[in-house]
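target34.cif (mmCIF, C-alpha atoms) appears below.
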```
data_my_file
#
loop_
_atom_site.label_atom_id
_atom_site.label_comp_id
_atom_site.auth_asym_id
_atom_site.auth_seq_id
_atom_site.Cartn_x
_atom_site.Cartn_y
_atom_site.Cartn_z
CA MET A 9 55.94 31.17 17.35
CA LYS A 10 59.33 31.57 19.01
CA SER A 11 60.41 34.69 20.82
CA THR A 12 63.40 36.47 19.37
CA THR A 13 64.82 37.28 22.79
CA GLY A 14 65.52 33.66 23.75
CA LYS A 15 64.61 34.63 27.31
CA ALA A 16 61.59 33.55 29.31
CA SER A 17 58.74 36.06 29.48
CA PHE A 18 58.26 37.90 32.74
CA GLY A 19 55.05 35.96 33.35
CA LEU A 20 56.83 32.67 32.80
CA GLN A 21 59.70 33.75 35.05
CA GLY A 22 57.12 34.56 37.73
CA CYS A 23 55.45 31.16 37.39
CA LEU A 24 58.76 29.32 37.63
CA GLU A 25 59.65 31.34 40.73
CA THR A 26 56.34 30.60 42.43
CA CYS A 27 56.80 26.89 41.66
CA ARG A 28 60.24 27.11 43.29
CA ARG A 29 58.64 28.77 46.32
CA CYS A 30 56.02 26.01 46.53
CA GLU A 31 58.76 23.38 46.41
CA HIS A 32 60.76 25.16 49.13
CA LEU A 33 57.70 25.39 51.37
CA VAL A 34 56.68 21.75 50.90
CA LEU A 35 60.22 20.53 51.57
CA LEU A 36 60.31 22.65 54.71
CA LEU A 37 56.97 21.34 55.93
CA SER A 38 57.54 17.68 55.12
CA ASP A 39 60.48 17.25 57.48
CA SER A 40 58.51 15.97 60.46
CA ALA A 41 55.29 14.15 61.31
CA THR A 42 53.81 17.32 62.83
CA ASP A 43 54.56 19.23 59.68
CA ARG A 44 53.04 16.45 57.56
CA HIS A 45 49.79 16.97 59.49
CA LEU A 46 50.06 20.66 58.66
CA PHE A 47 50.47 19.70 55.01
CA GLU A 48 47.00 18.14 55.14
CA VAL A 49 45.67 21.62 55.99
CA ILE A 50 47.64 23.53 53.37
CA GLY A 51 47.66 20.84 50.68
CA PRO A 52 44.31 21.92 49.20
CA HIS A 53 45.70 25.43 48.60
CA LEU A 54 48.77 24.08 46.87
CA ARG A 55 46.86 21.57 44.75
CA HIS A 56 44.45 24.35 43.72
CA CYS A 57 47.42 26.35 42.39
CA LEU A 58 48.88 23.32 40.67
CA ASP A 59 45.49 22.61 39.07
CA HIS A 60 45.54 26.10 37.58
CA PHE A 61 49.02 25.60 36.14
CA ARG A 62 47.95 22.27 34.65
CA SER A 63 44.84 23.85 33.15
CA LEU A 64 47.01 26.47 31.46
CA LEU A 65 49.41 23.87 30.09
CA LYS A 66 46.59 21.66 28.84
CA GLY A 67 44.81 24.63 27.28
CA LEU A 68 47.78 25.66 25.19
CA GLU A 69 47.04 22.79 22.81
CA SER A 70 43.50 23.94 22.05
CA GLY A 71 43.79 27.66 22.75
CA THR A 72 41.24 27.41 25.58
CA ILE A 73 42.38 27.45 29.20
CA ASP A 74 39.57 26.01 31.32
CA TYR A 75 40.30 26.72 34.98
CA GLU A 76 37.09 24.92 35.96
CA ALA A 77 37.74 21.56 34.29
CA GLN A 78 40.82 19.93 35.74
CA LYS A 79 41.10 18.81 39.34
CA GLY A 80 44.21 17.04 40.52
CA ASP A 81 44.73 13.82 42.40
CA SER A 82 43.17 14.16 45.85
CA GLY A 83 46.16 12.30 47.31
CA MET A 84 48.27 15.38 46.63
CA VAL A 85 46.46 17.30 49.37
CA THR A 86 47.72 14.94 52.08
CA ASP A 87 50.96 13.55 50.69
CA PRO A 88 53.79 16.02 50.11
CA ASP A 89 55.71 13.49 48.01
CA LEU A 90 52.82 13.12 45.55
CA PHE A 91 52.45 16.88 45.42
CA LEU A 92 56.16 17.39 44.75
CA ALA A 93 56.18 14.80 41.95
CA ALA A 94 53.30 16.63 40.24
CA LEU A 95 54.94 20.01 40.88
CA TYR A 96 58.19 18.83 39.26
CA ARG A 97 56.28 17.69 36.16
CA VAL A 98 54.47 21.03 35.89
CA THR A 99 57.68 22.99 36.45
CA ALA A 100 59.42 21.05 33.68
CA GLU A 101 56.52 21.70 31.30
CA LEU A 102 56.53 25.40 32.17
CA ALA A 103 60.29 25.58 31.64
CA GLY A 104 59.69 24.04 28.22
CA LEU A 105 57.69 27.14 27.27
CA GLU A 106 60.79 29.31 27.47
CA GLY A 107 61.31 31.16 24.23
CA ILE A 108 57.75 30.89 22.92
CA SER A 109 55.75 33.99 22.14
CA THR A 110 53.42 34.79 25.00
CA THR A 111 51.44 37.36 23.02
CA GLN A 112 49.26 34.61 21.53
CA ALA A 113 45.54 34.94 22.17
CA VAL A 114 43.81 32.37 24.37
CA ASP A 115 40.28 31.92 25.62
CA VAL A 116 39.84 31.50 29.35
CA VAL A 117 36.93 29.62 30.93
CA GLN A 118 36.27 30.41 34.58
CA ALA A 119 33.40 31.02 36.97
CA ALA A 120 32.95 34.77 37.38
CA ALA A 121 30.32 34.95 40.11
CA PRO A 122 28.61 32.67 42.63
CA ASP A 123 25.95 30.32 41.31
CA THR A 124 26.69 31.07 37.66
CA GLN A 125 28.01 29.01 34.80
CA PRO A 126 31.65 29.56 33.84
CA VAL A 127 32.19 32.22 31.19
CA SER A 128 34.69 32.36 28.34
CA VAL A 129 36.74 35.53 27.87
CA GLY A 130 39.68 36.46 25.68
CA SER A 131 43.15 36.84 27.12
CA THR A 132 46.80 36.26 26.20
CA LEU A 133 49.23 33.64 27.37
CA GLU A 134 51.37 36.31 29.06
CA ARG A 135 48.38 37.70 30.97
CA GLU A 136 47.48 34.22 32.20
CA LEU A 137 51.07 33.51 33.27
CA ILE A 138 51.07 36.76 35.25
CA PHE A 139 47.70 35.83 36.77
CA LEU A 140 48.99 32.40 37.80
CA SER A 141 52.11 33.74 39.50
CA SER A 142 50.06 36.33 41.40
CA HIS A 143 47.38 33.76 42.27
CA THR A 144 50.00 31.35 43.61
CA ILE A 145 51.66 34.06 45.71
CA HIS A 146 48.28 34.87 47.22
CA HIS A 147 47.82 31.23 48.24
CA LEU A 148 51.39 30.96 49.53
CA ALA A 149 50.75 33.97 51.76
CA GLN A 150 47.64 32.26 53.14
CA VAL A 151 49.54 29.01 53.69
CA ILE A 152 52.30 30.83 55.55
CA GLU A 153 49.76 32.43 57.88
CA VAL A 154 48.24 29.02 58.62
CA ALA A 155 51.68 27.50 59.29
CA GLU A 156 52.76 30.33 61.54
CA GLY A 157 49.41 30.17 63.35
CA ARG A 158 50.26 26.55 64.16
CA GLY A 159 53.71 27.47 65.46
CA VAL A 160 55.75 26.57 62.37
CA SER A 161 58.24 29.26 61.39
CA VAL A 162 58.28 29.83 57.64
CA GLN A 163 60.42 32.14 55.53
CA SER A 164 57.89 34.95 55.05
CA ASP A 165 59.25 36.15 51.72
CA LEU A 166 57.90 32.98 50.12
CA GLY A 167 54.51 34.70 50.10
CA MET A 168 55.78 38.14 49.13
CA ALA A 169 54.62 39.75 45.93
CA PHE A 170 57.23 40.49 43.28
CA SER A 171 57.09 44.28 43.62
CA PRO A 172 58.14 45.08 47.21
CA SER A 173 60.38 47.98 46.13
CA ILE A 174 57.45 49.62 44.37
CA HIS A 175 54.93 48.65 47.07
CA PRO A 176 56.80 48.36 50.41
CA ASN A 177 53.65 47.11 52.18
CA ARG A 178 52.93 44.50 49.51
CA GLN A 179 53.50 41.63 51.96
CA GLU A 180 50.59 42.88 54.03
CA ILE A 181 48.43 43.17 50.92
CA ALA A 182 49.35 39.68 49.70
CA THR A 183 48.21 38.09 52.95
CA LEU A 184 44.70 39.59 52.87
#
```
Using structure tokens, write down the structure from this file.
Amino acid sequence: MKSTTGKASFGLQGCLETCRRCEHLVLLLSDSATDRHLFEVIGPHLRHCLDHFRSLLKGLESGTIDYEAQKGDSGMVTDPDLFLAALYRVTAELAGLEGISTTQAVDVVQAAAPDTQPVSVGSTLERELIFLSSHTIHHLAQVIEVAEGRGVSVQSDLGMAFSPSIHPNRQEIATL
């Protein structure tokens, strides 16, 4: 079902922005050999986020988003070029969702507690898009702390939540 607004949902806008932030960060960190070593440390965080985006996109076909099922190419955690290629594909697929109704119901499969089987719960596409943008920001904030701890200066707003005017200390919260 198409949206009548012709404009991307807020959740989709958030996801596209976090993908842009991931791209910016990877391009920044892939400029030198030292930074490529750093990418090996942060790559697992970024691939984890990308895996979630891919799970959402794959789940749209069946109506079930299984965050536990899909794991990306392990080469993406050490090679920024492989990661960027996969990120560009995901970003293009996300952009292709512009204009669709995000109120559609979806089932979400995810582990809810340690040592338990994944559970299936009801959600909406919009809620999952909002979750993914927030989840990615959380990981970007962690990645920035790691980079800065290794002496690499990173634009800190890449890990900033979307509501700093409402929550002025949101950057501190996002890095926890």
key: Nearest to His32 (chain A) by atom-to-atom distance, counting only C-alpha atoms, from A:Leu92, A:Gly83, A:Ala119, A:Thr132   =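 Between A:Leu92, A:Gly83, A:Ala119, A:Thr132, the residue approaching His32 (chain A) most closely is A:Leu92.
Coordinates place CA of His45 (chain A) at a distance of 26.9 Å from CA of Ala169 (chain A).
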Spatial neighbours of Ser38 (chain A), 12 Å, all atoms listed in the file, chain gap at least 3 places, as a list in words =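 The filter keeps Glu31, His32, Leu33, Val34, Leu35, Ala41, Thr42, Asp43, Arg44, His45, Leu46, Phe47, Glu48, Ile50, Gly51, Thr86, Asp87, Pro88, Asp89, Leu90, Phe91, Leu92 and Val160 of chain A.
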task = Name the closest residue to Ser141 (chain A) among the candidates A:Phe170, A:Ile73, A:Ala121, A:Lys79; distances are taken between atoms, counting all atoms listed in the file.
result =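 Between A:Phe170, A:Ile73, A:Ala121, A:Lys79, the residue approaching Ser141 (chain A) most closely is A:Phe170.
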query = Could you write out as a list in words the residues that the PyMOL selection byres ((chain A and resi 166) around 8) matches in the shown file?
reply = Arg29, Leu33, Ile145, Leu148, Ala149, Gln163, Ser164, Asp165, Gly167 and Met168 of chain A
Which residues match the PyMOL selection byres ((chain A and resi 55) around 8) in the file above, as a JSON list (two decimals) with C-alpha atoms, keeping the file's coordinate frame?
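Output contents, as saved in expr-v3.json:
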```
[["chain", "number", "residue", "atom", "x", "y", "z"],
["A", 51, "GLY", "CA", 47.66, 20.84, 50.68],
["A", 52, "PRO", "CA", 44.31, 21.92, 49.20],
["A", 53, "HIS", "CA", 45.70, 25.43, 48.60],
["A", 54, "LEU", "CA", 48.77, 24.08, 46.87],
["A", 56, "HIS", "CA", 44.45, 24.35, 43.72],
["A", 57, "CYS", "CA", 47.42, 26.35, 42.39],
["A", 58, "LEU", "CA", 48.88, 23.32, 40.67],
["A", 59, "ASP", "CA", 45.49, 22.61, 39.07],
["A", 80, "GLY", "CA", 44.21, 17.04, 40.52],
["A", 84, "MET", "CA", 48.27, 15.38, 46.63],
["A", 85, "VAL", "CA", 46.46, 17.30, 49.37],
["A", 91, "PHE", "CA", 52.45, 16.88, 45.42]]
```
message = From the options A:Ser63, A:Ser142, A:Gln125, A:Thr111, which residue's atoms come nearest to Ser171 (chain A), counting only C-alpha atoms?
response =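 Smallest distance to Ser171 (chain A) is found for A:Ser142.
Counting all atoms listed in the file, the residue from A:Thr72, A:Phe139, A:Phe61, A:Ser17 that sits nearest to Arg97 (chain A) is A:Phe61.
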message = Would you pick out the contacts of Tyr75 (chain A) at 8 Å or less, using only C-alpha atoms, so that residues sharing its chain but fewer than 4 positions from it are not included, and give the list as JSON, numbers by chain?
response = {"A": [59, 60, 63, 64, 116, 117, 118]}
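In this structure, CA of Lys66 (chain A) sits 10.6 Å away from CA of Val98 (chain A).
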